[in-house]
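Taking it in order: structure first as structure tokens, then the write-up.
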Amino acid sequence: MKRLIFMAGLAACIASCETIEKSQATDCPSKICTEEFRSVSVKFVDGNGHAVKVKNYTSINKRTNNSLLKGIVPDTVTAEGIALVASDANLADISESGDSVIVTGKHPVSNKTVRGSFYMMGGKCSCHISKVSGPAQLVFN
């Protein structure tokens, strides 16, 4: 009898766990995603095509006016002038229908500012962010 009560209790626990898991599931459809981590970047160059390590770099979602660089290490621009626009870490920050992302950087010597616009898609149900449009590099003239 004890064994029967134990088995019934175990079955009830398992059933309740399945119910909890189903209630915690997202509204996203099932899909198979790759394990890779994707990012979108832009390169800053001068008029001669030489890399420029900009200062005061920003990457802002125009819809929310929020930075896409929050929680990222402070030096997001490499010596080769390459800067992170967004990554898979920003999936929830970029809508599934797409958002405009504005990046700006200031030349370290001339203090001129260059700005670029990207259109990106993401969303909580997406596997990865994707760049729909935007420049590969931004040029200081």
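Scheme for the structure tokens: letters A, B, ... for chains in order shown; per-chain residue numbers from 1; ligand numbers from 1 in order shown.
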Can you list, as a tab-separated table (two decimals) with N, CA and C atoms, in the first residue's frame, every protein, DNA or RNA residue that comes within 12 Å of region 60-66 of chain A when you count only C-alpha atoms, leaving out same-chain residues fewer than 2 positions away?
chain	number	residue	atom	x	y	z
A	57	TYR	N	31.65	56.59	-29.00
A	57	TYR	CA	30.85	55.75	-29.90
A	57	TYR	C	29.51	55.39	-29.26
A	58	THR	N	28.44	55.47	-30.05
A	58	THR	CA	27.11	55.06	-29.58
A	58	THR	C	26.42	54.21	-30.63
A	68	LEU	N	22.31	50.04	-27.45
A	68	LEU	CA	22.47	48.60	-27.66
A	68	LEU	C	23.80	48.12	-27.09
A	69	LEU	N	24.52	49.00	-26.44
A	69	LEU	CA	25.83	48.66	-25.89
A	69	LEU	C	25.81	48.48	-24.38
A	70	LYS	N	24.64	48.50	-23.76
A	70	LYS	CA	24.58	48.35	-22.31
A	70	LYS	C	25.12	46.99	-21.90
A	84	LEU	N	31.13	47.49	-32.69
A	84	LEU	CA	29.94	46.65	-32.59
A	84	LEU	C	28.70	47.51	-32.74
A	85	VAL	N	27.81	47.11	-33.65
A	85	VAL	CA	26.52	47.79	-33.80
A	85	VAL	C	25.51	47.09	-32.90
A	86	ALA	N	25.41	45.78	-33.02
A	86	ALA	CA	24.51	44.96	-32.19
A	86	ALA	C	24.94	43.51	-32.32
A	90	ASN	N	21.39	41.33	-28.13
A	90	ASN	CA	20.37	42.38	-28.27
A	90	ASN	C	19.07	41.87	-28.89
A	91	LEU	N	18.87	40.58	-28.98
A	91	LEU	CA	17.66	40.05	-29.62
A	91	LEU	C	16.39	40.68	-29.06
A	92	ALA	N	16.28	40.78	-27.76
A	92	ALA	CA	15.08	41.33	-27.14
A	92	ALA	C	14.98	42.84	-27.31
A	93	ASP	N	16.09	43.51	-27.66
A	93	ASP	CA	16.10	44.96	-27.80
A	93	ASP	C	15.69	45.42	-29.19
A	94	ILE	N	15.66	44.50	-30.14
A	94	ILE	CA	15.34	44.82	-31.53
A	94	ILE	C	14.07	44.06	-31.91
A	95	SER	N	13.12	44.74	-32.50
A	95	SER	CA	11.82	44.11	-32.78
A	95	SER	C	11.90	43.12	-33.94
A	97	SER	N	9.83	42.95	-36.36
A	97	SER	CA	9.51	43.65	-37.61
A	97	SER	C	10.65	44.56	-38.06
A	98	GLY	N	11.62	44.79	-37.19
A	98	GLY	CA	12.80	45.57	-37.53
A	98	GLY	C	12.82	46.93	-36.88
A	99	ASP	N	14.01	47.43	-36.64
A	99	ASP	CA	14.22	48.74	-36.04
A	99	ASP	C	15.38	49.44	-36.73
A	100	SER	N	15.32	50.77	-36.71
A	100	SER	CA	16.44	51.58	-37.17
A	100	SER	C	17.41	51.73	-36.02
A	101	VAL	N	18.68	51.54	-36.31
A	101	VAL	CA	19.74	51.70	-35.31
A	101	VAL	C	20.68	52.78	-35.83
A	102	ILE	N	20.92	53.78	-35.02
A	102	ILE	CA	21.79	54.90	-35.38
A	102	ILE	C	23.10	54.77	-34.61
A	103	VAL	N	24.21	54.77	-35.35
A	103	VAL	CA	25.53	54.72	-34.72
A	103	VAL	C	26.24	56.05	-34.98
A	104	THR	N	26.99	56.50	-34.00
A	104	THR	CA	27.79	57.71	-34.15
A	104	THR	C	29.16	57.49	-33.54
A	105	GLY	N	30.12	58.15	-34.10
A	105	GLY	CA	31.48	58.11	-33.57
A	105	GLY	C	32.17	59.43	-33.85
A	115	ARG	N	27.93	59.67	-38.68
A	115	ARG	CA	26.73	58.96	-38.23
A	115	ARG	C	26.29	58.00	-39.33
A	116	GLY	N	25.78	56.85	-38.92
A	116	GLY	CA	25.28	55.87	-39.88
A	116	GLY	C	23.98	55.27	-39.40
A	117	SER	N	23.18	54.82	-40.35
A	117	SER	CA	21.88	54.24	-40.03
A	117	SER	C	21.82	52.80	-40.52
A	118	PHE	N	21.35	51.93	-39.65
A	118	PHE	CA	21.19	50.52	-39.96
A	118	PHE	C	19.73	50.14	-39.77
A	119	TYR	N	19.27	49.17	-40.54
A	119	TYR	CA	17.95	48.60	-40.28
A	119	TYR	C	18.19	47.15	-39.92
A	120	MET	N	17.74	46.75	-38.73
A	120	MET	CA	18.03	45.42	-38.21
A	120	MET	C	16.76	44.74	-37.73
A	121	MET	N	16.78	43.43	-37.77
A	121	MET	CA	15.66	42.63	-37.27
A	121	MET	C	16.16	41.70	-36.18
A	122	GLY	N	15.29	41.43	-35.22
A	122	GLY	CA	15.61	40.54	-34.11
A	122	GLY	C	14.33	40.04	-33.51
Practice item. Extract, using only C-alpha atoms, all DNA, RNA and protein residues at most 10 Å from region 48-52 of chain A, discarding same-chain residues fewer than 3 positions from it, and format them as a VMD selection string. Key: chain A and resid 43 to 45 55 77 to 82 105 to 109 137 to 141
Just-selected residues, C-alpha atoms written as a CSV table (one decimal), in the first residue's frame:
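The result, stored in part.csv:
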chain,number,residue,atom,x,y,z
A,43,LYS,CA,34.3,50.1,-39.7
A,44,PHE,CA,35.3,53.8,-39.3
A,45,VAL,CA,37.8,55.1,-41.8
A,55,LYS,CA,35.7,58.1,-29.4
A,77,VAL,CA,35.9,50.0,-30.9
A,78,THR,CA,39.1,48.2,-31.9
A,79,ALA,CA,42.3,49.8,-33.0
A,80,GLU,CA,41.3,48.8,-36.5
A,81,GLY,CA,38.3,51.1,-36.3
A,82,ILE,CA,35.7,48.3,-36.1
A,105,GLY,CA,31.5,58.1,-33.6
A,106,LYS,CA,33.7,61.1,-33.1
A,107,HIS,CA,37.1,61.4,-34.8
A,108,PRO,CA,39.8,61.4,-32.0
A,109,VAL,CA,41.8,64.4,-33.6
A,137,GLN,CA,32.0,51.4,-43.2
A,138,LEU,CA,31.6,55.0,-42.2
A,139,VAL,CA,34.0,57.6,-43.7
A,140,PHE,CA,35.3,60.8,-42.1
A,141,ASN,CA,35.7,63.4,-44.9
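With only C-alpha atoms as the atoms that count, the minimum distance from Lys112 (chain A) to the choices A:Ser133, A:Ser41, A:Asn56, A:Ser67 is reached by A:Asn56.
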**Study point:** Residue with smallest distance to Val40 (chain A) - pool A:Val54, A:Val114, A:Cys28, A:Ala89, counting only C-alpha atoms
**Key:**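 With only C-alpha atoms as the atom set, the closest residue is A:Ala89.
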Review point. Where does DSSP see strand (DSSP E or B) in region 23-139 of chain A, if you list the residues as an MDAnalysis selection string?
Key: chainID A and resid 39:45 51 55:61 66:67 77 82:87 99:106 113:121 130:133 137:139
Take the residues from that selection and write them out as a PDB file, in the first residue's frame, keeping C-alpha atoms.
ATOM      1  CA  SER A  39      27.031  40.286 -34.439  1.00  0.00           C
ATOM      2  CA  VAL A  40      26.899  43.257 -36.783  1.00  0.00           C
ATOM      3  CA  SER A  41      29.767  45.715 -36.925  1.00  0.00           C
ATOM      4  CA  VAL A  42      30.842  48.814 -38.805  1.00  0.00           C
ATOM      5  CA  LYS A  43      34.302  50.110 -39.665  1.00  0.00           C
ATOM      6  CA  PHE A  44      35.286  53.767 -39.279  1.00  0.00           C
ATOM      7  CA  VAL A  45      37.828  55.075 -41.810  1.00  0.00           C
ATOM      8  CA  ALA A  51      41.114  52.881 -39.880  1.00  0.00           C
ATOM      9  CA  LYS A  55      35.711  58.097 -29.393  1.00  0.00           C
ATOM     10  CA  ASN A  56      32.257  58.645 -27.870  1.00  0.00           C
ATOM     11  CA  TYR A  57      30.847  55.749 -29.898  1.00  0.00           C
ATOM     12  CA  THR A  58      27.113  55.060 -29.583  1.00  0.00           C
ATOM     13  CA  SER A  59      24.677  52.542 -31.027  1.00  0.00           C
ATOM     14  CA  ILE A  60      21.065  53.571 -30.345  1.00  0.00           C
ATOM     15  CA  ASN A  61      17.794  51.867 -31.230  1.00  0.00           C
ATOM     16  CA  ASN A  66      18.043  52.887 -25.810  1.00  0.00           C
ATOM     17  CA  SER A  67      21.696  52.026 -26.208  1.00  0.00           C
ATOM     18  CA  VAL A  77      35.891  50.041 -30.868  1.00  0.00           C
ATOM     19  CA  ILE A  82      35.723  48.272 -36.077  1.00  0.00           C
ATOM     20  CA  ALA A  83      32.776  48.879 -33.749  1.00  0.00           C
ATOM     21  CA  LEU A  84      29.945  46.652 -32.592  1.00  0.00           C
ATOM     22  CA  VAL A  85      26.517  47.792 -33.797  1.00  0.00           C
ATOM     23  CA  ALA A  86      24.515  44.962 -32.192  1.00  0.00           C
ATOM     24  CA  SER A  87      24.774  41.253 -31.428  1.00  0.00           C
ATOM     25  CA  ASP A  99      14.222  48.741 -36.041  1.00  0.00           C
ATOM     26  CA  SER A 100      16.440  51.578 -37.172  1.00  0.00           C
ATOM     27  CA  VAL A 101      19.739  51.700 -35.313  1.00  0.00           C
ATOM     28  CA  ILE A 102      21.789  54.897 -35.381  1.00  0.00           C
ATOM     29  CA  VAL A 103      25.533  54.722 -34.717  1.00  0.00           C
ATOM     30  CA  THR A 104      27.786  57.712 -34.153  1.00  0.00           C
ATOM     31  CA  GLY A 105      31.480  58.111 -33.574  1.00  0.00           C
ATOM     32  CA  LYS A 106      33.746  61.108 -33.079  1.00  0.00           C
ATOM     33  CA  THR A 113      31.205  63.243 -35.864  1.00  0.00           C
ATOM     34  CA  VAL A 114      30.085  60.686 -38.408  1.00  0.00           C
ATOM     35  CA  ARG A 115      26.728  58.964 -38.234  1.00  0.00           C
ATOM     36  CA  GLY A 116      25.280  55.868 -39.881  1.00  0.00           C
ATOM     37  CA  SER A 117      21.880  54.242 -40.030  1.00  0.00           C
ATOM     38  CA  PHE A 118      21.186  50.516 -39.962  1.00  0.00           C
ATOM     39  CA  TYR A 119      17.948  48.602 -40.280  1.00  0.00           C
ATOM     40  CA  MET A 120      18.032  45.420 -38.211  1.00  0.00           C
ATOM     41  CA  MET A 121      15.662  42.630 -37.269  1.00  0.00           C
ATOM     42  CA  SER A 130      20.149  40.275 -38.908  1.00  0.00           C
ATOM     43  CA  LYS A 131      21.223  43.408 -40.722  1.00  0.00           C
ATOM     44  CA  VAL A 132      18.703  44.274 -43.420  1.00  0.00           C
ATOM     45  CA  SER A 133      20.555  47.386 -44.536  1.00  0.00           C
ATOM     46  CA  GLN A 137      32.024  51.393 -43.200  1.00  0.00           C
ATOM     47  CA  LEU A 138      31.584  55.025 -42.237  1.00  0.00           C
ATOM     48  CA  VAL A 139      33.977  57.599 -43.692  1.00  0.00           C
TER      49      VAL A 139
END
